[in-house]
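Trainee: Dropping in query.cif, with mmCIF, C-alpha atoms.
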data_coords
loop_
_atom_site.label_atom_id
_atom_site.label_comp_id
_atom_site.auth_asym_id
_atom_site.auth_seq_id
_atom_site.Cartn_x
_atom_site.Cartn_y
_atom_site.Cartn_z
CA MET A 80 -100.29 -17.47 -109.64
CA ASN A 81 -97.74 -15.32 -108.01
CA ALA A 82 -94.29 -14.66 -109.23
CA SER A 83 -92.72 -17.13 -106.83
CA THR A 84 -94.86 -20.04 -108.07
CA ALA A 85 -94.49 -19.04 -111.71
CA ARG A 86 -90.71 -19.18 -111.43
CA THR A 87 -89.65 -22.63 -112.56
CA LYS A 88 -87.02 -24.16 -110.37
CA THR A 89 -84.33 -25.75 -112.43
CA PRO A 90 -82.23 -28.19 -110.47
CA THR A 91 -78.62 -27.17 -110.35
CA THR A 92 -76.32 -29.84 -111.68
CA ARG A 93 -72.77 -29.50 -110.47
CA PRO A 94 -70.10 -31.01 -112.69
CA ARG A 95 -68.50 -33.99 -111.10
CA ALA A 96 -64.88 -33.61 -110.23
CA SER A 97 -62.94 -35.61 -112.75
CA LYS A 98 -60.59 -38.11 -111.23
CA ALA A 99 -57.04 -38.00 -112.42
CA PRO A 100 -56.32 -41.09 -114.43
CA ALA A 101 -54.44 -43.65 -112.46
CA ARG A 102 -50.79 -43.83 -113.32
CA PRO A 103 -50.39 -46.93 -115.45
CA TYR A 104 -48.05 -49.56 -114.13
CA HIS A 105 -45.67 -50.35 -116.92
CA HIS A 106 -43.99 -53.52 -115.76
CA GLY A 107 -41.66 -53.55 -118.72
CA ASN A 108 -40.02 -50.18 -118.12
CA LEU A 109 -40.43 -49.64 -114.38
CA ARG A 110 -36.95 -50.98 -113.68
CA VAL A 111 -35.35 -48.64 -116.20
CA GLY A 112 -37.38 -45.73 -114.87
CA LEU A 113 -36.25 -46.45 -111.33
CA LEU A 114 -32.62 -46.66 -112.39
CA GLU A 115 -32.84 -43.36 -114.23
CA ALA A 116 -34.53 -41.76 -111.22
CA ALA A 117 -31.84 -43.18 -108.94
CA GLU A 118 -29.11 -41.71 -111.12
CA ALA A 119 -30.79 -38.31 -111.02
CA VAL A 120 -31.09 -38.34 -107.23
CA LEU A 121 -27.56 -39.72 -106.93
CA ALA A 122 -26.15 -36.83 -108.97
CA GLU A 123 -27.87 -34.34 -106.67
CA ARG A 124 -27.26 -35.87 -103.25
CA GLY A 125 -24.68 -38.62 -103.47
CA ALA A 126 -25.08 -42.25 -102.48
CA GLN A 127 -25.07 -41.63 -98.74
CA ALA A 128 -28.20 -39.47 -98.89
CA LEU A 129 -30.14 -41.56 -101.42
CA THR A 130 -33.20 -43.53 -100.28
CA LEU A 131 -35.69 -45.80 -102.02
CA ARG A 132 -38.48 -43.35 -101.13
CA ASP A 133 -36.61 -40.55 -102.89
CA VAL A 134 -36.15 -42.71 -105.96
CA ALA A 135 -39.80 -43.75 -106.03
CA ARG A 136 -40.89 -40.13 -105.65
CA ARG A 137 -38.63 -39.03 -108.50
CA ALA A 138 -39.91 -41.86 -110.70
CA GLY A 139 -43.52 -40.93 -109.88
CA VAL A 140 -44.47 -44.31 -108.44
CA SER A 141 -45.57 -45.60 -105.07
CA HIS A 142 -43.06 -46.08 -102.28
CA GLY A 143 -43.44 -49.83 -102.59
CA ALA A 144 -42.91 -49.96 -106.35
CA PRO A 145 -39.09 -50.29 -106.23
CA TYR A 146 -39.45 -53.60 -104.39
CA HIS A 147 -40.91 -55.14 -107.54
CA HIS A 148 -37.38 -55.11 -108.97
CA PHE A 149 -34.96 -54.44 -106.11
CA ALA A 150 -34.91 -56.23 -102.79
CA SER A 151 -33.13 -53.37 -101.06
CA LEU A 152 -31.45 -50.03 -101.57
CA THR A 153 -28.13 -51.86 -101.88
CA ASP A 154 -29.47 -53.89 -104.79
CA LEU A 155 -30.63 -50.72 -106.51
CA LEU A 156 -27.26 -49.04 -106.01
CA ALA A 157 -25.50 -52.13 -107.33
CA ALA A 158 -27.61 -51.92 -110.48
CA VAL A 159 -26.74 -48.23 -110.88
CA ALA A 160 -23.04 -49.05 -110.44
CA GLN A 161 -23.39 -51.83 -113.00
CA ARG A 162 -24.76 -49.34 -115.52
CA GLY A 163 -21.81 -47.12 -114.77
CA PHE A 164 -19.35 -49.90 -115.53
CA GLU A 165 -21.23 -50.75 -118.70
CA THR A 166 -20.84 -47.13 -119.82
CA LEU A 167 -17.17 -47.20 -118.85
CA GLY A 168 -16.65 -50.49 -120.67
CA ASP A 169 -18.24 -49.13 -123.84
CA ALA A 170 -15.95 -46.10 -123.63
CA MET A 171 -12.95 -48.40 -123.21
CA ALA A 172 -14.03 -50.51 -126.19
CA GLU A 173 -14.20 -47.41 -128.36
CA ALA A 174 -10.86 -46.15 -127.06
CA VAL A 175 -8.97 -49.32 -128.02
CA ALA A 176 -10.43 -49.45 -131.52
CA VAL A 177 -7.21 -48.12 -133.09
CA PRO A 178 -4.25 -50.13 -134.39
CA ASP A 179 -1.45 -48.30 -132.55
CA THR A 180 -1.03 -49.79 -129.06
CA ARG A 181 0.45 -46.64 -127.55
CA GLU A 182 -2.47 -44.60 -128.84
CA ARG A 183 -4.90 -47.15 -127.36
CA LEU A 184 -3.52 -46.63 -123.87
CA LEU A 185 -3.56 -42.85 -124.18
CA ARG A 186 -7.17 -42.93 -125.33
CA VAL A 187 -8.11 -45.35 -122.55
CA ALA A 188 -6.76 -42.97 -119.91
CA GLN A 189 -8.53 -40.02 -121.49
CA ALA A 190 -11.85 -41.86 -121.78
CA TYR A 191 -11.61 -43.10 -118.19
CA VAL A 192 -11.23 -39.58 -116.82
CA ALA A 193 -14.01 -38.31 -119.09
CA CYS A 194 -16.44 -40.90 -117.71
CA ALA A 195 -15.57 -39.95 -114.14
CA ARG A 196 -16.05 -36.24 -114.80
CA ALA A 197 -19.33 -36.81 -116.63
CA GLN A 198 -21.00 -38.39 -113.58
CA PRO A 199 -18.84 -37.88 -110.46
CA GLU A 200 -21.27 -39.33 -107.91
CA ARG A 201 -21.85 -42.44 -109.97
CA PHE A 202 -18.09 -42.82 -110.34
CA ARG A 203 -17.67 -42.63 -106.55
CA LEU A 204 -20.44 -45.20 -106.13
CA MET A 205 -18.82 -47.58 -108.63
CA PHE A 206 -15.58 -47.71 -106.67
CA GLY A 207 -17.09 -47.44 -103.20
CA PRO A 208 -17.94 -50.20 -100.70
CA LEU A 209 -20.19 -51.95 -103.23
CA LEU A 210 -17.19 -52.93 -105.31
CA ALA A 211 -15.60 -54.63 -102.32
CA SER A 212 -18.66 -56.90 -102.08
CA LYS A 213 -19.24 -57.30 -105.80
CA ASP A 214 -19.25 -61.10 -105.44
CA GLN A 215 -22.74 -60.64 -104.01
CA HIS A 216 -23.77 -58.84 -107.21
CA PRO A 217 -22.70 -61.00 -110.19
CA ALA A 218 -23.88 -58.56 -112.86
CA LEU A 219 -21.93 -55.75 -111.24
CA LYS A 220 -18.85 -57.94 -111.00
CA MET A 221 -19.11 -58.94 -114.65
CA SER A 222 -19.44 -55.37 -115.91
CA ALA A 223 -16.53 -54.20 -113.73
CA GLU A 224 -14.28 -57.00 -114.98
CA ARG A 225 -15.27 -56.26 -118.58
CA SER A 226 -14.22 -52.62 -118.32
CA PHE A 227 -10.84 -53.47 -116.79
CA GLY A 228 -10.39 -56.24 -119.36
CA PHE A 229 -10.05 -53.62 -122.10
CA VAL A 230 -7.33 -51.84 -120.11
CA LEU A 231 -5.42 -55.07 -119.50
CA ALA A 232 -5.69 -56.23 -123.12
CA ALA A 233 -4.45 -52.88 -124.41
CA ALA A 234 -1.50 -52.92 -122.01
CA VAL A 235 -0.52 -56.49 -122.89
CA ALA A 236 -0.75 -55.69 -126.59
CA HIS A 237 1.70 -52.84 -126.04
CA ASP A 238 4.08 -54.74 -123.76
CA LYS A 239 3.60 -58.50 -123.54
CA LYS A 240 6.21 -58.95 -120.84
CA HIS A 241 5.11 -56.17 -118.47
CA GLY A 242 1.53 -55.72 -119.64
CA ALA A 243 -0.10 -56.48 -116.30
CA ASP A 244 2.09 -53.98 -114.44
CA LEU A 245 1.49 -51.39 -117.15
CA ALA A 246 -2.29 -51.90 -116.86
CA VAL A 247 -2.25 -51.36 -113.09
CA ALA A 248 0.01 -48.32 -113.43
CA GLY A 249 -2.15 -46.76 -116.13
CA TRP A 250 -5.35 -47.53 -114.26
CA SER A 251 -3.93 -46.07 -111.06
CA LEU A 252 -2.90 -42.89 -112.87
CA ALA A 253 -6.29 -42.42 -114.56
CA HIS A 254 -8.24 -43.32 -111.43
CA GLY A 255 -6.26 -41.06 -109.14
CA LEU A 256 -6.39 -38.20 -111.62
CA SER A 257 -10.15 -38.67 -111.94
CA HIS A 258 -10.66 -38.25 -108.20
CA LEU A 259 -8.35 -35.24 -108.05
CA LEU A 260 -10.30 -33.56 -110.84
CA ILE A 261 -13.81 -34.28 -109.58
CA ASP A 262 -12.83 -33.22 -106.06
CA GLY A 263 -11.36 -29.94 -107.31
CA ALA A 264 -7.94 -30.72 -105.85
CA PHE A 265 -6.07 -28.72 -108.50
CA GLU A 266 -7.92 -25.49 -107.79
CA GLY A 267 -5.80 -22.87 -106.10
CA LEU A 268 -2.48 -24.63 -106.63
CA PRO A 269 0.47 -22.33 -107.43
CA MET A 270 0.85 -23.69 -110.93
CA LYS A 271 -0.64 -23.25 -114.34
CA GLN A 272 -3.97 -25.03 -114.56
CA GLN A 273 -4.06 -27.82 -117.12
CA ASN A 274 -6.96 -28.58 -119.40
CA PRO A 275 -8.77 -31.42 -117.58
CA GLU A 276 -9.96 -32.86 -120.88
CA THR A 277 -6.43 -33.51 -122.11
CA LEU A 278 -4.49 -33.85 -118.85
CA ALA A 279 -4.69 -37.66 -118.73
CA ARG A 280 -3.28 -37.88 -122.23
CA LYS A 281 -0.44 -35.46 -121.45
CA LEU A 282 0.56 -37.40 -118.35
CA GLY A 283 0.46 -40.63 -120.33
CA GLU A 284 2.68 -39.14 -123.02
CA ARG A 285 5.23 -38.14 -120.38
CA ILE A 286 5.29 -41.69 -119.02
CA PHE A 287 5.85 -43.11 -122.49
CA ALA A 288 8.57 -40.54 -123.13
CA ALA A 289 10.45 -41.84 -120.09
CA GLU A 290 10.47 -45.40 -121.41
CA PRO A 291 13.98 -46.77 -122.10
#
Would you encode the structure as structure tokens?

Mentor:
Amino acid sequence: MNASTARTKTPTTRPRASKAPARPYHHGNLRVGLLEAAEAVLAERGAQALTLRDVARRAGVSHGAPYHHFASLTDLLAAVAQRGFETLGDAMAEAVAVPDTRERLLRVAQAYVACARAQPERFRLMFGPLLASKDQHPALKMSAERSFGFVLAAAVAHDKKHGADLAVAGWSLAHGLSHLLIDGAFEGLPMKQQNPETLARKLGERIFAAEP
């Protein structure tokens, strides 16, 4: 017996490549996951550059997964805007939870601007073209009307006769100021820069000071 025949050949067993476990399809939280992914992409790119494929990729699901809950990109954006109005409405509800009606309105303006500055791209989406067609998205319409309802109620409580006009004036001030702040419009102006966190309140106080 020579050395070559004495050597026992042991078959080489290569370990099988382990397959990555398939990503489980959680039907219950897929919608929430897609909305959170959409908000993340929205914050980075804005609504104009957002696609369903980007959202699916960020959520870690297949490109077709969003269609389980949203018929189109517009439907997804409407749901994101709805969440934005729900957040705004909750902030308004907290702002008006004080007995003094003047203080309610000052806090409403301050909370409104804070919400806009916290998520600028979502704020732009909320008041973009989707809002003009909100009748096609009942949940979006309901959440938008709820948020403004707090503003109107606070204004009427302060001035029953001119409450509606006061609500529109206050909303216009807070909304315009929000856009000026998130667009950086105050930067470089030949004036002392105001604290953006308290500017809405200061402007509101000046308006109240001018009341007859």

Trainee: Which one is closest to Gln189 (chain A): A:Leu131, A:Leu256, A:Ala288, A:Leu245? Count only C-alpha atoms.

Mentor: A:Leu256

Trainee: For Glu276 (chain A), work out the shell of residues within 10 Å, counting only C-alpha atoms and skipping chain neighbours fewer than 5 positions away, then give it as a list in words.

Mentor: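 Skipping anything fewer than 5 positions along the chain leaves Gln189, Ala190, Val192, Ala193, Arg196 and Lys281 of chain A.
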
Trainee: Please list as a PyMOL selection string every residue within 10 Å of Leu231 (chain A), counting all atoms listed in the file and excluding residues in the same chain fewer than 5 positions away.

Mentor: chain A and resi 184+225-226+236-237+242-247+249-250

Trainee: Taking the file above as input, evaluate the PyMOL selection byres ((chain A and resi 161-166) around 6) and report the hits as an MDAnalysis selection string.

Mentor: chainID A and resid 158:160 167:169 219 222:223

Trainee: Taking all atoms listed in the file into account, which of A:Arg136, A:Arg285, A:Thr130, A:Thr153 comes nearest Ser212 (chain A)?

Mentor: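 Once distances to Ser212 (chain A) are computed over all atoms listed in the file, the minimum belongs to A:Thr153.
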
Trainee: Work out how far apart CA of Gln272 (chain A) and CA of Pro199 (chain A) are and give it in Å to one decimal.

Mentor: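 Distance reported for this atom pair: 20.1 Å.
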
Trainee: Do you know which residues are at most 10 Å from Ser141 (chain A) counting all atoms listed in the file, after dropping those on the same chain fewer than 4 positions away, and could you put them as a PyMOL selection string?

Mentor: chain A and resi 102+132+134-136+145

Trainee: Restricting the calculation to all atoms listed in the file, which member of A:Leu252, A:Leu152, A:Leu113, A:Leu259 is positioned closest to Ala128 (chain A)?

Mentor: A:Leu152

Trainee: I need the residue nearest Pro275 (chain A) from this list: A:Ala289, A:Ala197, A:Val230, A:Leu204. Use only C-alpha atoms for the distance.

Mentor: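 The shortest atom-to-atom distance to Pro275 (chain A) comes from A:Ala197.
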